[in-house]
$ cat start25.cif   # mmCIF, C-alpha atoms
data_target
loop_
_atom_site.label_atom_id
_atom_site.label_comp_id
_atom_site.auth_asym_id
_atom_site.auth_seq_id
_atom_site.Cartn_x
_atom_site.Cartn_y
_atom_site.Cartn_z
CA MET A 22 -51.68 131.90 30.03
CA ALA A 23 -49.29 131.52 27.13
CA ALA A 24 -45.70 130.64 27.78
CA GLN A 25 -43.38 133.63 27.57
CA ARG A 26 -39.89 133.61 26.15
CA SER A 27 -36.86 135.29 27.67
CA SER A 28 -35.60 138.18 25.56
CA ALA A 29 -32.01 137.44 26.55
CA PRO A 30 -30.00 134.92 28.55
CA SER A 31 -30.66 135.45 32.26
CA ALA A 32 -27.84 136.17 34.68
CA ALA A 33 -26.77 133.51 37.16
CA PRO A 34 -28.08 133.95 40.72
CA ASP A 35 -25.84 134.79 43.67
CA LEU A 36 -24.70 131.21 44.20
CA PRO A 37 -21.44 129.32 44.50
CA THR A 38 -20.40 128.70 40.89
CA LEU A 39 -19.66 125.20 39.65
CA GLY A 40 -15.96 124.76 39.07
CA GLY A 41 -15.24 127.94 41.00
CA ARG A 42 -15.72 130.32 38.06
CA ARG A 43 -18.35 132.48 36.42
CA SER A 44 -19.77 131.56 33.04
CA SER A 45 -18.61 133.44 29.94
CA TYR A 46 -21.11 135.29 27.74
CA ARG A 47 -20.91 132.51 25.17
CA GLU A 48 -21.68 129.95 27.88
CA ARG A 49 -24.65 131.99 29.10
CA VAL A 50 -26.02 132.12 25.56
CA ALA A 51 -25.51 128.35 25.28
CA ASP A 52 -27.33 127.87 28.60
CA ALA A 53 -30.32 129.87 27.34
CA LEU A 54 -30.42 127.98 24.04
CA ARG A 55 -30.11 124.66 25.85
CA ALA A 56 -32.94 125.62 28.16
CA ALA A 57 -35.10 126.59 25.19
CA LEU A 58 -34.38 123.20 23.65
CA ILE A 59 -35.20 121.31 26.86
CA ALA A 60 -38.45 123.24 27.37
CA GLY A 61 -39.58 122.66 23.80
CA GLU A 62 -39.15 126.25 22.64
CA LEU A 63 -36.83 124.79 20.00
CA ARG A 64 -38.47 121.72 18.49
CA PRO A 65 -36.77 118.50 17.31
CA GLY A 66 -36.30 118.15 13.58
CA GLU A 67 -36.59 121.88 12.91
CA VAL A 68 -33.70 123.88 11.46
CA TYR A 69 -32.80 127.21 13.08
CA SER A 70 -30.36 129.75 11.69
CA ALA A 71 -28.02 131.70 13.95
CA PRO A 72 -29.43 135.12 12.83
CA THR A 73 -33.00 133.96 13.54
CA LEU A 74 -32.09 132.73 17.00
CA ALA A 75 -30.05 135.88 17.68
CA ALA A 76 -33.07 138.08 16.88
CA ARG A 77 -35.28 135.89 19.04
CA PHE A 78 -32.95 136.12 22.05
CA GLY A 79 -31.94 139.75 21.56
CA VAL A 80 -28.23 139.04 21.09
CA SER A 81 -25.79 139.11 18.18
CA ALA A 82 -25.42 136.19 15.78
CA THR A 83 -21.78 135.39 16.57
CA PRO A 84 -22.20 134.13 20.16
CA VAL A 85 -25.33 132.25 19.08
CA ARG A 86 -23.42 130.50 16.30
CA GLU A 87 -20.57 129.66 18.69
CA ALA A 88 -23.01 128.44 21.34
CA MET A 89 -24.86 126.24 18.85
CA LEU A 90 -21.54 124.68 17.86
CA ASP A 91 -21.04 123.83 21.54
CA LEU A 92 -24.49 122.21 21.59
CA ALA A 93 -23.56 120.27 18.45
CA LYS A 94 -20.54 118.83 20.28
CA GLU A 95 -22.92 117.72 23.03
CA GLY A 96 -25.10 115.96 20.44
CA LEU A 97 -28.09 118.22 21.09
CA VAL A 98 -28.17 119.70 17.58
CA ASP A 99 -26.76 118.80 14.16
CA THR A 100 -25.20 121.33 11.82
CA VAL A 101 -26.98 121.82 8.48
CA PRO A 102 -24.57 123.36 5.93
CA ASN A 103 -25.61 126.82 4.74
CA LYS A 104 -28.81 126.68 6.79
CA GLY A 105 -28.14 126.44 10.48
CA PHE A 106 -28.76 123.80 13.12
CA ARG A 107 -31.30 121.02 13.47
CA VAL A 108 -32.45 119.95 16.94
CA THR A 109 -31.83 116.23 17.38
CA GLU A 110 -34.64 113.80 18.13
CA VAL A 111 -34.71 111.97 21.48
CA SER A 112 -36.77 108.78 21.80
CA GLU A 113 -39.13 108.01 24.66
CA LYS A 114 -36.91 105.04 25.55
CA GLN A 115 -33.87 107.30 25.81
CA LEU A 116 -35.74 109.76 28.03
CA ASP A 117 -36.87 106.92 30.30
CA GLU A 118 -33.29 105.67 30.56
CA TYR A 119 -31.92 109.15 31.34
CA THR A 120 -34.52 109.63 34.07
CA HIS A 121 -33.84 106.20 35.56
CA ILE A 122 -30.12 106.93 35.80
CA ARG A 123 -30.83 110.32 37.34
CA SER A 124 -33.06 108.78 40.00
CA LEU A 125 -30.35 106.26 40.90
CA ILE A 126 -27.84 109.09 41.35
CA GLU A 127 -29.75 112.13 42.54
CA ILE A 128 -32.15 110.71 45.12
CA PRO A 129 -29.60 108.95 47.39
CA THR A 130 -27.07 111.76 46.93
CA VAL A 131 -29.50 114.44 48.04
CA VAL A 132 -30.78 112.30 50.91
CA ARG A 133 -27.20 111.98 52.19
CA LEU A 134 -26.94 115.77 52.25
CA THR A 135 -29.30 115.74 55.25
CA THR A 136 -26.33 114.64 57.35
CA THR A 137 -23.40 116.19 55.47
CA ALA A 138 -24.45 119.56 54.03
CA ASP A 139 -23.65 122.78 55.84
CA PRO A 140 -26.90 124.67 56.65
CA VAL A 141 -25.35 127.93 55.42
CA SER A 142 -24.59 126.35 52.03
CA LEU A 143 -28.12 124.99 51.81
CA GLU A 144 -29.66 128.33 52.71
CA ALA A 145 -27.56 129.97 49.98
CA LEU A 146 -29.63 128.01 47.46
CA ARG A 147 -32.91 129.60 48.57
CA PRO A 148 -32.71 132.60 46.19
CA ALA A 149 -32.33 130.18 43.27
CA ALA A 150 -35.31 128.17 44.50
CA ARG A 151 -37.35 131.35 44.64
CA GLU A 152 -36.14 132.30 41.16
CA ILE A 153 -37.61 129.02 39.88
CA VAL A 154 -40.97 129.86 41.45
CA THR A 155 -40.88 133.39 40.01
CA ALA A 156 -40.11 132.09 36.52
CA ALA A 157 -42.94 129.55 36.78
CA ALA A 158 -45.40 132.23 37.87
CA ALA A 159 -44.32 134.43 34.95
CA GLY A 160 -44.56 131.55 32.48
CA ASP A 161 -40.92 132.10 31.46
CA LEU A 162 -39.92 128.54 30.58
CA ILE A 163 -36.36 129.35 29.56
CA ALA A 164 -35.65 131.11 32.85
CA TYR A 165 -37.41 128.27 34.68
CA VAL A 166 -35.24 125.55 33.12
CA GLU A 167 -32.03 127.56 33.56
CA ALA A 168 -32.73 128.21 37.23
CA ASP A 169 -33.83 124.61 37.81
CA ILE A 170 -30.60 123.22 36.36
CA ARG A 171 -28.45 125.65 38.37
CA PHE A 172 -30.29 124.85 41.59
CA HIS A 173 -30.00 121.08 41.27
CA LEU A 174 -26.38 121.04 40.10
CA CYS A 175 -25.31 123.42 42.88
CA LEU A 176 -27.20 121.24 45.36
CA LEU A 177 -25.46 118.10 44.11
CA ALA A 178 -22.11 119.93 44.20
CA LEU A 179 -22.46 120.05 48.00
CA ALA A 180 -21.77 116.31 47.97
CA GLY A 181 -18.21 117.10 46.87
CA ASN A 182 -18.15 114.85 43.78
CA SER A 183 -17.54 116.89 40.63
CA HIS A 184 -17.79 113.82 38.36
CA LEU A 185 -21.27 113.07 39.70
CA VAL A 186 -22.33 116.65 38.96
CA GLU A 187 -20.93 116.38 35.43
CA VAL A 188 -22.84 113.14 34.74
CA VAL A 189 -26.14 114.53 36.03
CA GLY A 190 -25.56 117.79 34.16
CA ASP A 191 -25.14 115.88 30.91
CA LEU A 192 -28.33 113.87 31.54
CA ARG A 193 -30.26 117.05 32.30
CA LYS A 194 -29.06 118.62 29.04
CA ARG A 195 -30.53 115.66 27.17
CA SER A 196 -33.91 115.87 28.90
CA ARG A 197 -37.04 117.13 27.13
CA LEU A 198 -39.80 118.77 29.15
CA TYR A 199 -42.41 119.49 26.50
CA GLY A 200 -45.25 119.41 29.02
CA LEU A 201 -44.15 122.64 30.70
CA THR A 202 -46.10 124.84 28.29
CA ALA A 203 -49.36 123.06 29.07
CA LEU A 204 -48.68 123.37 32.81
CA VAL A 205 -48.08 127.10 32.46
CA GLU A 206 -51.29 127.52 30.51
CA ALA A 207 -53.18 125.56 33.18
CA GLY A 208 -51.57 127.56 35.99
CA ARG A 209 -50.02 124.42 37.50
CA LEU A 210 -46.27 124.91 37.02
CA GLU A 211 -45.84 127.17 40.04
CA ALA A 212 -47.00 124.39 42.39
CA SER A 213 -44.29 121.99 41.24
CA ALA A 214 -41.75 124.83 41.29
CA ARG A 215 -42.41 125.25 45.01
CA GLU A 216 -41.08 121.73 45.58
CA HIS A 217 -37.59 123.25 45.46
CA LEU A 218 -38.38 125.30 48.58
CA GLU A 219 -40.00 122.25 50.17
CA LEU A 220 -36.84 120.26 49.48
CA LEU A 221 -34.60 122.90 51.06
CA ASP A 222 -36.77 123.05 54.16
CA ALA A 223 -36.64 119.25 54.53
CA LEU A 224 -32.85 119.27 54.13
CA LEU A 225 -32.45 121.99 56.74
CA GLU A 226 -34.68 120.02 59.10
CA ARG A 227 -32.46 116.95 58.53
CA ASP A 228 -35.57 114.94 57.61
CA GLU A 229 -34.29 112.08 55.42
CA ARG A 230 -37.75 110.59 54.84
CA ALA A 231 -39.18 113.93 53.67
CA VAL A 232 -36.18 114.61 51.42
CA HIS A 233 -36.53 111.17 49.81
CA ALA A 234 -40.26 111.74 49.27
CA VAL A 235 -39.81 115.19 47.70
CA MET A 236 -36.97 114.08 45.43
CA THR A 237 -38.89 110.98 44.28
CA ARG A 238 -42.00 113.05 43.53
CA HIS A 239 -39.96 115.79 41.87
CA LEU A 240 -38.03 113.48 39.55
CA GLY A 241 -41.27 111.67 38.76
CA HIS A 242 -42.49 114.83 37.03
CA VAL A 243 -39.76 114.49 34.38
CA ARG A 244 -41.60 111.61 32.73
CA GLY A 245 -45.00 112.60 34.11
CA LEU A 246 -46.33 116.15 34.47
CA TRP A 247 -43.45 117.81 32.61
CA ALA A 248 -43.21 115.32 29.76
CA ALA A 249 -46.48 115.28 27.81
CA PRO A 250 -46.43 117.54 24.72
#
$ encode --input "start25.cif" --output "structure tokens"
Amino acid sequence: MAAQRSSAPSAAPDLPTLGGRRSSYRERVADALRAALIAGELRPGEVYSAPTLAARFGVSATPVREAMLDLAKEGLVDTVPNKGFRVTEVSEKQLDEYTHIRSLIEIPTVVRLTTTADPVSLEALRPAAREIVTAAAAGDLIAYVEADIRFHLCLLALAGNSHLVEVVGDLRKRSRLYGLTALVEAGRLEASAREHLELLDALLERDERAVHAVMTRHLGHVRGLWAAP
């Protein structure tokens, strides 16, 4: 099954929004472009023009150009005068370091939520977890990455530390998950997507050991199942 591309940026699920506000259209376009970059839909070293990307995503060129400038500020792309934007290269060493830092932050933080998170707030994340599974089943990698990022950042936000969420969000933006396409084609991405539902169930059951196991396995995919091109 070939990976499918989203025709337009997907809308955010019915979740508490980070920072207490809804994203602007420009930010939603940036989210979709960032997800395409993370999933390997936009390849490192290649130059993309705003009109080309606009046609690909079914939006106008202006918000794409503005969104790509935002990604340039984040160091994810470089501007190429009179041509467009080049996706920056990320080394294997950098990806290993990003994943190591994430594991040091995310695993213990999520485990602590077994004793601190309100069950109602946890249950509110279930539609997003299901959205991840749906995107995986459809082979929509952009929707998958967008939903995955929203789920995990909203989950971490329950810890009440906005700076922690910002750090992890930045590390996730810099990730590269080029193995997702192969998993879709092999029909294996949906299984790992279901780990989000497994994680929620473990949190609601207040099972610290299970939460630790799921988070460790899940983050292990970043440099394992999801990494190989």
$ axis_aligned_box --input "start25.cif" --around "range 117-132 of chain A" --padding-each-side "5 Å" --output "lines of an AutoDock Vina configuration file"
center_x = -32.0
center_y = 110.1
center_z = 40.6
size_x = 19.8
size_y = 18.8
size_z = 30.6
$ closest_atom_pairs --input "start25.cif" --of "range 157-197 of chain A" --to "range 229-241 of chain A" --cutoff "12 Å" --atoms "all atoms listed in the file" --output "JSON lines"
{"residue": "A:Asp169", "atom": "CA", "partner": "A:His239", "partner_atom": "CA", "distance": 11.5}
{"residue": "A:His173", "atom": "CA", "partner": "A:Met236", "partner_atom": "CA", "distance": 10.7}
{"residue": "A:Arg193", "atom": "CA", "partner": "A:Leu240", "partner_atom": "CA", "distance": 11.2}
{"residue": "A:Ser196", "atom": "CA", "partner": "A:Leu240", "partner_atom": "CA", "distance": 11.7}
$ closest_residue --input "start25.cif" --among "A:Ala53, A:Leu90, A:Leu174, A:Ala164" --to "Ala71 in chain A" --atoms "all atoms listed in the file"
A:Leu90
$ residues_near_point --input "start25.cif" --point "(-22.1, 132.3, 26.1)" --cutoff "12 Å" --atoms "all atoms listed in the file" --output "PyMOL selection string"
chain A and resi 29-32+43-55+80-92
$ write_last_selection --input "start25.cif" --atoms "C-alpha atoms" --output "PDB file, in the frame of the given file"
ATOM      1  CA  ALA A  29     -32.010 137.440  26.550  1.00  0.00           C
ATOM      2  CA  PRO A  30     -30.000 134.920  28.550  1.00  0.00           C
ATOM      3  CA  SER A  31     -30.660 135.450  32.260  1.00  0.00           C
ATOM      4  CA  ALA A  32     -27.840 136.170  34.680  1.00  0.00           C
ATOM      5  CA  ARG A  43     -18.350 132.480  36.420  1.00  0.00           C
ATOM      6  CA  SER A  44     -19.770 131.560  33.040  1.00  0.00           C
ATOM      7  CA  SER A  45     -18.610 133.440  29.940  1.00  0.00           C
ATOM      8  CA  TYR A  46     -21.110 135.290  27.740  1.00  0.00           C
ATOM      9  CA  ARG A  47     -20.910 132.510  25.170  1.00  0.00           C
ATOM     10  CA  GLU A  48     -21.680 129.950  27.880  1.00  0.00           C
ATOM     11  CA  ARG A  49     -24.650 131.990  29.100  1.00  0.00           C
ATOM     12  CA  VAL A  50     -26.020 132.120  25.560  1.00  0.00           C
ATOM     13  CA  ALA A  51     -25.510 128.350  25.280  1.00  0.00           C
ATOM     14  CA  ASP A  52     -27.330 127.870  28.600  1.00  0.00           C
ATOM     15  CA  ALA A  53     -30.320 129.870  27.340  1.00  0.00           C
ATOM     16  CA  LEU A  54     -30.420 127.980  24.040  1.00  0.00           C
ATOM     17  CA  ARG A  55     -30.110 124.660  25.850  1.00  0.00           C
ATOM     18  CA  VAL A  80     -28.230 139.040  21.090  1.00  0.00           C
ATOM     19  CA  SER A  81     -25.790 139.110  18.180  1.00  0.00           C
ATOM     20  CA  ALA A  82     -25.420 136.190  15.780  1.00  0.00           C
ATOM     21  CA  THR A  83     -21.780 135.390  16.570  1.00  0.00           C
ATOM     22  CA  PRO A  84     -22.200 134.130  20.160  1.00  0.00           C
ATOM     23  CA  VAL A  85     -25.330 132.250  19.080  1.00  0.00           C
ATOM     24  CA  ARG A  86     -23.420 130.500  16.300  1.00  0.00           C
ATOM     25  CA  GLU A  87     -20.570 129.660  18.690  1.00  0.00           C
ATOM     26  CA  ALA A  88     -23.010 128.440  21.340  1.00  0.00           C
ATOM     27  CA  MET A  89     -24.860 126.240  18.850  1.00  0.00           C
ATOM     28  CA  LEU A  90     -21.540 124.680  17.860  1.00  0.00           C
ATOM     29  CA  ASP A  91     -21.040 123.830  21.540  1.00  0.00           C
ATOM     30  CA  LEU A  92     -24.490 122.210  21.590  1.00  0.00           C
TER      31      LEU A  92
END
$ resolve_selection --input "start25.cif" --expression "the PyMOL selection byres ((chain A and resi 132-138) around 12)" --output "NGL selection string"
:A and (124-131 or 139-146 or 175-181 or 220-237)
$ atom_distance --input "start25.cif" --atom1 "CA of Val189 in chain A" --atom2 "CA of Gly208 in chain A"
28.6 Å
$ atom_distance --input "start25.cif" --atom1 "CA of Ala212 in chain A" --atom2 "CA of Leu192 in chain A"
24.0 Å
$ residues_around --input "start25.cif" --residues "Thr100 in chain A" --least-positions-apart "5" --cutoff "10 Å" --atoms "all atoms listed in the file" --output "PDB file with C-alpha atoms, in the frame of the given file"
ATOM      1  CA  VAL A  68     -33.700 123.880  11.460  1.00  0.00           C
ATOM      2  CA  TYR A  69     -32.800 127.210  13.080  1.00  0.00           C
ATOM      3  CA  SER A  70     -30.360 129.750  11.690  1.00  0.00           C
ATOM      4  CA  MET A  89     -24.860 126.240  18.850  1.00  0.00           C
ATOM      5  CA  LEU A  90     -21.540 124.680  17.860  1.00  0.00           C
ATOM      6  CA  LEU A  92     -24.490 122.210  21.590  1.00  0.00           C
ATOM      7  CA  ALA A  93     -23.560 120.270  18.450  1.00  0.00           C
ATOM      8  CA  LYS A  94     -20.540 118.830  20.280  1.00  0.00           C
ATOM      9  CA  GLY A 105     -28.140 126.440  10.480  1.00  0.00           C
ATOM     10  CA  PHE A 106     -28.760 123.800  13.120  1.00  0.00           C
ATOM     11  CA  ARG A 107     -31.300 121.020  13.470  1.00  0.00           C
ATOM     12  CA  VAL A 108     -32.450 119.950  16.940  1.00  0.00           C
TER      13      VAL A 108
END
$ resolve_selection --input "start25.cif" --expression "the PyMOL selection byres ((chain A and resi 152-154) around 10)" --output "ChimeraX atom specification"
/A:34,147-151,155-162,164-172,210-218
$ write_last_selection --input "start25.cif" --atoms "C-alpha atoms" --output "PDB file, in the frame of the given file"
ATOM      1  CA  PRO A  34     -28.080 133.950  40.720  1.00  0.00           C
ATOM      2  CA  ARG A 147     -32.910 129.600  48.570  1.00  0.00           C
ATOM      3  CA  PRO A 148     -32.710 132.600  46.190  1.00  0.00           C
ATOM      4  CA  ALA A 149     -32.330 130.180  43.270  1.00  0.00           C
ATOM      5  CA  ALA A 150     -35.310 128.170  44.500  1.00  0.00           C
ATOM      6  CA  ARG A 151     -37.350 131.350  44.640  1.00  0.00           C
ATOM      7  CA  THR A 155     -40.880 133.390  40.010  1.00  0.00           C
ATOM      8  CA  ALA A 156     -40.110 132.090  36.520  1.00  0.00           C
ATOM      9  CA  ALA A 157     -42.940 129.550  36.780  1.00  0.00           C
ATOM     10  CA  ALA A 158     -45.400 132.230  37.870  1.00  0.00           C
ATOM     11  CA  ALA A 159     -44.320 134.430  34.950  1.00  0.00           C
ATOM     12  CA  GLY A 160     -44.560 131.550  32.480  1.00  0.00           C
ATOM     13  CA  ASP A 161     -40.920 132.100  31.460  1.00  0.00           C
ATOM     14  CA  LEU A 162     -39.920 128.540  30.580  1.00  0.00           C
ATOM     15  CA  ALA A 164     -35.650 131.110  32.850  1.00  0.00           C
ATOM     16  CA  TYR A 165     -37.410 128.270  34.680  1.00  0.00           C
ATOM     17  CA  VAL A 166     -35.240 125.550  33.120  1.00  0.00           C
ATOM     18  CA  GLU A 167     -32.030 127.560  33.560  1.00  0.00           C
ATOM     19  CA  ALA A 168     -32.730 128.210  37.230  1.00  0.00           C
ATOM     20  CA  ASP A 169     -33.830 124.610  37.810  1.00  0.00           C
ATOM     21  CA  ILE A 170     -30.600 123.220  36.360  1.00  0.00           C
ATOM     22  CA  ARG A 171     -28.450 125.650  38.370  1.00  0.00           C
ATOM     23  CA  PHE A 172     -30.290 124.850  41.590  1.00  0.00           C
ATOM     24  CA  LEU A 210     -46.270 124.910  37.020  1.00  0.00           C
ATOM     25  CA  GLU A 211     -45.840 127.170  40.040  1.00  0.00           C
ATOM     26  CA  ALA A 212     -47.000 124.390  42.390  1.00  0.00           C
ATOM     27  CA  SER A 213     -44.290 121.990  41.240  1.00  0.00           C
ATOM     28  CA  ALA A 214     -41.750 124.830  41.290  1.00  0.00           C
ATOM     29  CA  ARG A 215     -42.410 125.250  45.010  1.00  0.00           C
ATOM     30  CA  GLU A 216     -41.080 121.730  45.580  1.00  0.00           C
ATOM     31  CA  HIS A 217     -37.590 123.250  45.460  1.00  0.00           C
ATOM     32  CA  LEU A 218     -38.380 125.300  48.580  1.00  0.00           C
TER      33      LEU A 218
END
$ atom_distance --input "start25.cif" --atom1 "CA of Glu118 in chain A" --atom2 "CA of Pro65 in chain A"
18.8 Å
$ closest_residue --input "start25.cif" --among "A:Arg123, A:Phe78, A:Thr202, A:Val243" --to "Glu187 in chain A" --atoms "only C-alpha atoms"
A:Arg123
$ closest_residue --input "start25.cif" --among "A:Val188, A:Ala76, A:Leu198, A:Val98" --to "Glu62 in chain A" --atoms "all atoms listed in the file"
A:Leu198
$ closest_residue --input "start25.cif" --among "A:Ala56, A:Ile163, A:Gly190, A:Arg197" --to "Thr109 in chain A" --atoms "all atoms listed in the file"
A:Arg197
$ decode --input "start25.cif" --residues "range 204-225 of chain A" --atoms "C-alpha atoms" --output "PDB file, in the first residue's frame"
ATOM      1  CA  LEU A 204       5.788   0.381   7.483  1.00  0.00           C
ATOM      2  CA  VAL A 205       2.671   1.599   5.682  1.00  0.00           C
ATOM      3  CA  GLU A 206       3.533  -0.467   2.629  1.00  0.00           C
ATOM      4  CA  ALA A 207       4.073  -3.525   4.842  1.00  0.00           C
ATOM      5  CA  GLY A 208       0.823  -2.901   6.731  1.00  0.00           C
ATOM      6  CA  ARG A 209       2.669  -2.558  10.048  1.00  0.00           C
ATOM      7  CA  LEU A 210       2.186   1.095  11.008  1.00  0.00           C
ATOM      8  CA  GLU A 211      -1.304   0.603  12.442  1.00  0.00           C
ATOM      9  CA  ALA A 212       0.049  -1.790  15.095  1.00  0.00           C
ATOM     10  CA  SER A 213       2.480   0.777  16.490  1.00  0.00           C
ATOM     11  CA  ALA A 214      -0.215   3.464  16.232  1.00  0.00           C
ATOM     12  CA  ARG A 215      -2.361   1.443  18.630  1.00  0.00           C
ATOM     13  CA  GLU A 216       0.305   1.912  21.306  1.00  0.00           C
ATOM     14  CA  HIS A 217      -1.237   5.333  21.950  1.00  0.00           C
ATOM     15  CA  LEU A 218      -4.485   3.667  23.045  1.00  0.00           C
ATOM     16  CA  GLU A 219      -2.493   1.122  25.057  1.00  0.00           C
ATOM     17  CA  LEU A 220      -0.681   3.973  26.797  1.00  0.00           C
ATOM     18  CA  LEU A 221      -3.924   5.750  27.690  1.00  0.00           C
ATOM     19  CA  ASP A 222      -5.409   2.560  29.112  1.00  0.00           C
ATOM     20  CA  ALA A 223      -2.312   1.993  31.264  1.00  0.00           C
ATOM     21  CA  LEU A 224      -2.438   5.582  32.529  1.00  0.00           C
ATOM     22  CA  LEU A 225      -6.114   5.292  33.412  1.00  0.00           C
TER      23      LEU A 225
END
